[in-house]
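Here is the file final_31.txt (compact mmCIF, C-alpha atoms).
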```txt
# COMPACT_ATOMS: atom_id res chain seq x y z
CA MET A 12 73.81 -59.79 -177.69
CA TRP A 13 71.69 -60.37 -174.57
CA ARG A 14 71.74 -64.13 -174.95
CA PRO A 15 75.47 -64.64 -174.03
CA ALA A 16 75.08 -62.33 -171.02
CA LEU A 17 72.05 -64.26 -169.75
CA CYS A 18 73.92 -67.56 -170.10
CA ALA A 19 76.89 -66.18 -168.16
CA LEU A 20 74.82 -65.14 -165.09
CA PRO A 21 74.36 -68.66 -163.66
CA VAL A 22 78.06 -69.40 -164.19
CA LEU A 23 79.06 -66.15 -162.40
CA ALA A 24 76.63 -66.87 -159.57
CA LEU A 25 78.16 -70.30 -158.98
CA ALA A 26 81.68 -68.92 -159.20
CA GLY A 27 80.94 -66.59 -156.28
CA CYS A 28 80.02 -69.48 -154.00
CA GLY A 29 82.73 -70.47 -151.61
CA GLU A 30 83.45 -73.82 -150.07
CA THR A 31 80.48 -74.84 -147.93
CA ALA A 32 82.12 -77.73 -146.09
CA ALA A 33 82.54 -77.55 -142.31
CA PRO A 34 85.90 -76.28 -141.00
CA PRO A 35 88.49 -78.96 -140.17
CA ALA A 36 88.11 -80.63 -136.77
CA ASN A 37 91.52 -79.40 -135.60
CA GLN A 38 90.51 -75.78 -136.11
CA ALA A 39 89.31 -74.48 -132.73
CA ALA A 40 86.10 -72.51 -132.68
CA ALA A 41 86.43 -68.99 -131.36
CA LYS A 42 84.99 -68.69 -127.86
CA VAL A 43 83.32 -65.43 -127.02
CA ARG A 44 83.14 -64.48 -123.37
CA MET A 45 80.29 -62.15 -122.53
CA ALA A 46 80.74 -59.42 -119.95
CA ASN A 47 79.24 -60.33 -116.58
CA PRO A 48 78.71 -57.09 -114.63
CA GLY A 49 77.03 -58.81 -111.65
CA SER A 50 79.95 -61.15 -111.08
CA ASP A 51 82.47 -58.37 -111.69
CA ARG A 52 80.82 -56.20 -109.03
CA LEU A 53 80.80 -59.13 -106.60
CA LYS A 54 84.54 -59.67 -107.21
CA ALA A 55 85.21 -56.00 -106.40
CA LEU A 56 83.46 -56.15 -102.99
CA SER A 57 85.16 -56.77 -99.66
CA PRO A 58 84.92 -60.36 -98.30
CA LEU A 59 82.15 -59.31 -95.87
CA TYR A 60 79.93 -57.93 -98.64
CA GLN A 61 80.71 -60.91 -100.88
CA ARG A 62 79.45 -63.21 -98.10
CA ILE A 63 76.31 -61.10 -97.70
CA GLY A 64 75.68 -61.10 -101.47
CA LEU A 65 75.98 -64.88 -101.80
CA LEU A 66 73.96 -65.43 -98.63
CA ARG A 67 71.11 -63.37 -100.09
CA ALA A 68 71.30 -65.26 -103.38
CA ILE A 69 71.14 -68.63 -101.56
CA ARG A 70 68.25 -67.57 -99.34
CA SER A 71 66.29 -65.92 -102.18
CA SER A 72 66.33 -69.21 -104.05
CA GLY A 73 64.63 -70.92 -101.10
CA LYS A 74 67.73 -72.70 -99.76
CA ARG A 75 68.80 -72.67 -96.11
CA CYS A 76 71.99 -71.01 -94.96
CA ARG A 77 72.46 -69.02 -91.75
CA ARG A 78 75.95 -67.74 -92.54
CA VAL A 79 78.44 -68.05 -95.39
CA ASP A 80 81.78 -69.06 -93.83
CA ARG A 81 83.82 -69.29 -97.03
CA LEU A 82 83.31 -68.41 -100.65
CA GLY A 83 85.16 -68.03 -103.88
CA TYR A 84 84.82 -67.45 -107.58
CA GLN A 85 85.49 -70.83 -109.18
CA GLN A 86 85.20 -70.59 -112.94
CA GLN A 87 83.29 -69.56 -116.03
CA TYR A 88 80.79 -72.28 -116.98
CA GLU A 89 79.25 -71.73 -120.39
CA GLN A 90 78.21 -68.05 -120.11
CA LEU A 91 77.72 -68.16 -116.33
CA ALA A 92 80.11 -67.10 -113.56
CA MET A 93 80.28 -69.92 -111.00
CA TRP A 94 80.82 -69.00 -107.36
CA VAL A 95 80.95 -71.50 -104.49
CA ALA A 96 79.83 -70.78 -100.93
CA LEU A 97 80.29 -72.88 -97.78
CA CYS A 98 77.54 -72.32 -95.22
CA ASP A 99 77.97 -72.74 -91.47
CA ASP A 100 76.02 -76.04 -91.60
CA GLY A 101 78.76 -77.55 -93.81
CA ARG A 102 76.75 -77.47 -97.03
CA HIS A 103 78.35 -76.17 -100.21
CA TRP A 104 76.27 -74.18 -102.68
CA SER A 105 77.19 -73.10 -106.18
CA VAL A 106 75.84 -69.76 -107.32
CA PHE A 107 75.69 -69.25 -111.09
CA ILE A 108 75.44 -65.63 -112.22
CA ALA A 109 74.32 -64.94 -115.80
CA PRO A 110 75.38 -61.85 -117.79
CA SER A 111 71.75 -60.68 -117.38
CA GLU A 112 72.36 -60.95 -113.59
CA ASP A 113 69.89 -63.82 -113.22
CA VAL A 114 71.06 -66.20 -110.49
CA GLN A 115 70.72 -69.96 -110.05
CA VAL A 116 71.75 -71.79 -106.88
CA ARG A 117 72.58 -75.50 -106.82
CA ASP A 118 73.70 -77.90 -104.09
CA CYS A 119 77.30 -78.88 -104.89
CA ALA A 120 76.55 -82.46 -103.83
CA GLN A 121 74.24 -82.80 -106.85
CA HIS A 122 76.62 -81.46 -109.50
CA ALA A 123 77.72 -84.89 -110.77
CA GLU A 124 74.16 -86.03 -111.49
CA LEU A 125 73.32 -82.65 -113.07
CA GLY A 126 76.43 -82.64 -115.28
CA LEU A 127 77.78 -79.45 -113.71
CA PRO A 128 81.43 -78.69 -112.83
CA VAL A 129 82.59 -80.15 -109.52
CA CYS A 130 82.83 -77.64 -106.68
CA ARG A 131 86.40 -77.28 -105.43
CA PRO A 132 87.30 -76.87 -101.73
CA LEU A 133 87.48 -73.26 -100.62
CA PRO A 134 90.48 -71.47 -99.10
CA PRO A 135 89.98 -69.46 -95.90
CA LEU A 136 88.76 -65.91 -96.45
CA PRO A 137 91.28 -63.13 -95.88
CA HIS A 138 90.73 -60.87 -92.89
CA ASP A 139 88.37 -58.02 -93.73
CA PRO A 140 89.50 -54.85 -91.89
CA HIS A 141 86.06 -53.30 -92.45
CA ALA A 142 84.09 -56.14 -90.85
CA PRO A 143 82.48 -55.39 -87.48
CA PRO A 144 83.99 -57.40 -84.59
CA GLY A 145 82.56 -60.91 -84.29
CA THR A 146 81.06 -61.04 -87.80
CA GLU A 147 83.91 -62.92 -89.49
CA PRO A 148 83.83 -66.71 -89.29
CA ALA A 149 86.75 -68.57 -87.75
CA ASN A 150 89.16 -69.85 -90.39
CA GLN A 151 88.91 -73.56 -89.69
CA SER A 152 89.98 -76.16 -92.20
CA GLU A 153 87.49 -78.85 -91.16
CA GLY A 154 84.15 -78.96 -92.90
CA ASN A 155 85.57 -77.63 -96.15
CA ALA A 156 85.50 -80.85 -98.17
CA VAL A 157 82.64 -81.08 -100.64
CA ARG A 158 80.50 -84.05 -99.69
CA PRO A 159 78.67 -86.22 -102.24
CA ALA A 160 74.86 -86.36 -102.13
CA GLY A 161 73.44 -88.55 -99.39
CA SER A 162 76.44 -88.34 -97.03
CA SER A 163 76.39 -86.61 -93.65
```
Would you mind writing the structure in this file as structure tokens?
Amino acid sequence: MWRPALCALPVLALAGCGETAAPPANQAAAKVRMANPGSDRLKALSPLYQRIGLLRAIRSSGKRCRRVDRLGYQQQYEQLAMWVALCDDGRHWSVFIAPSEDVQVRDCAQHAELGLPVCRPLPPLPHDPHAPPGTEPANQSEGNAVRPAGSS
């Protein structure tokens, strides 16, 4: 009586196994986007406070920037929010914000050699009605092109 039941156990165990092959190549993997509270808060700020926030991030990482003239959220890269800032010296910086609110700053001129997304030119910032007089940069179109490494 027990012998047929014991013989059936391995057969039942194998029957419960599903197909273990990888999914077809044309089936897209589901992408999960993590919440990024640091980037979301930065998006909600006025242009003046966005400039101050990115300026602090650039300076805290040891980079030089006296004033952020333009900035913008560019894209989601892996699980990082990528922002781009143009400083008054003409240098573009990318600021990557992780969901944990860790920040990494990279020179946009080095993105190609690092395998990072290319920084796009930035549109002029809208007028901030809350900015003190004289604190907003002039909306000039020159100096906005992202320069490759080694060019002046």
Using all atoms listed in the file, the best pick from A:Lys54, A:His141, A:His103, A:Arg44 as closest to A:Ile69 would be A:His103
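Here atom CA of A:Gln85 and atom CA of A:Pro143 stand 26.8 Å from one another.
Near A:Ala142, within 10 Å and counting only C-alpha atoms, sit Ser57, Pro58, Leu59 and Tyr60 of chain A, not including residues fewer than 6 positions from it in the same chain.
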Listed atoms of stretch 42-53 of chain A, axis-aligned box, 5 Å per side: centre and edge lengths to one decimal in Å, as JSON?
```
{"center_x": 81.0, "center_y": -62.4, "center_z": -117.2, "size_x": 18.0, "size_y": 22.5, "size_z": 31.3}
```
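Rounded to one decimal, atom CA of A:Leu133 and atom CA of A:Ala96 lie 8.0 Å from each other.
Comparing the minimum interatomic distances between A:Gln90 and each of A:Val114, A:Leu53, A:Asn47, A:Arg78, counting all atoms listed in the file, we find that A:Asn47 sits nearest.
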Please provide as a ChimeraX atom specification all residues within 9 Å of A:Ser72, with the sequence filter that same-chain residues fewer than 4 positions apart are discarded (counting all atoms listed in the file).
/A:67-68,114-116
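In this structure, atom CA of A:Arg77 sits 20.5 Å away from atom CA of A:Gln121.
Residue nearest A:Met93 within the list A:Cys76, A:Cys130, A:Val43, A:Ala55: A:Cys130 [criterion: smallest interatomic distance, all atoms listed in the file].
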Of A:Met45, A:Ala123, A:Leu56, A:Leu66, the one sitting nearest A:Val106 when using all atoms listed in the file is A:Leu66
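Counting only C-alpha atoms, the residue from A:Gln61, A:Ser50, A:Gln86, A:Ser71 that sits nearest to A:Glu112 is A:Ser50.
Minimum atom-to-atom distance to A:Leu97, evaluated using only C-alpha atoms, belongs to A:Pro132 out of A:Pro132, A:Lys74, A:Gly64, A:Arg117.
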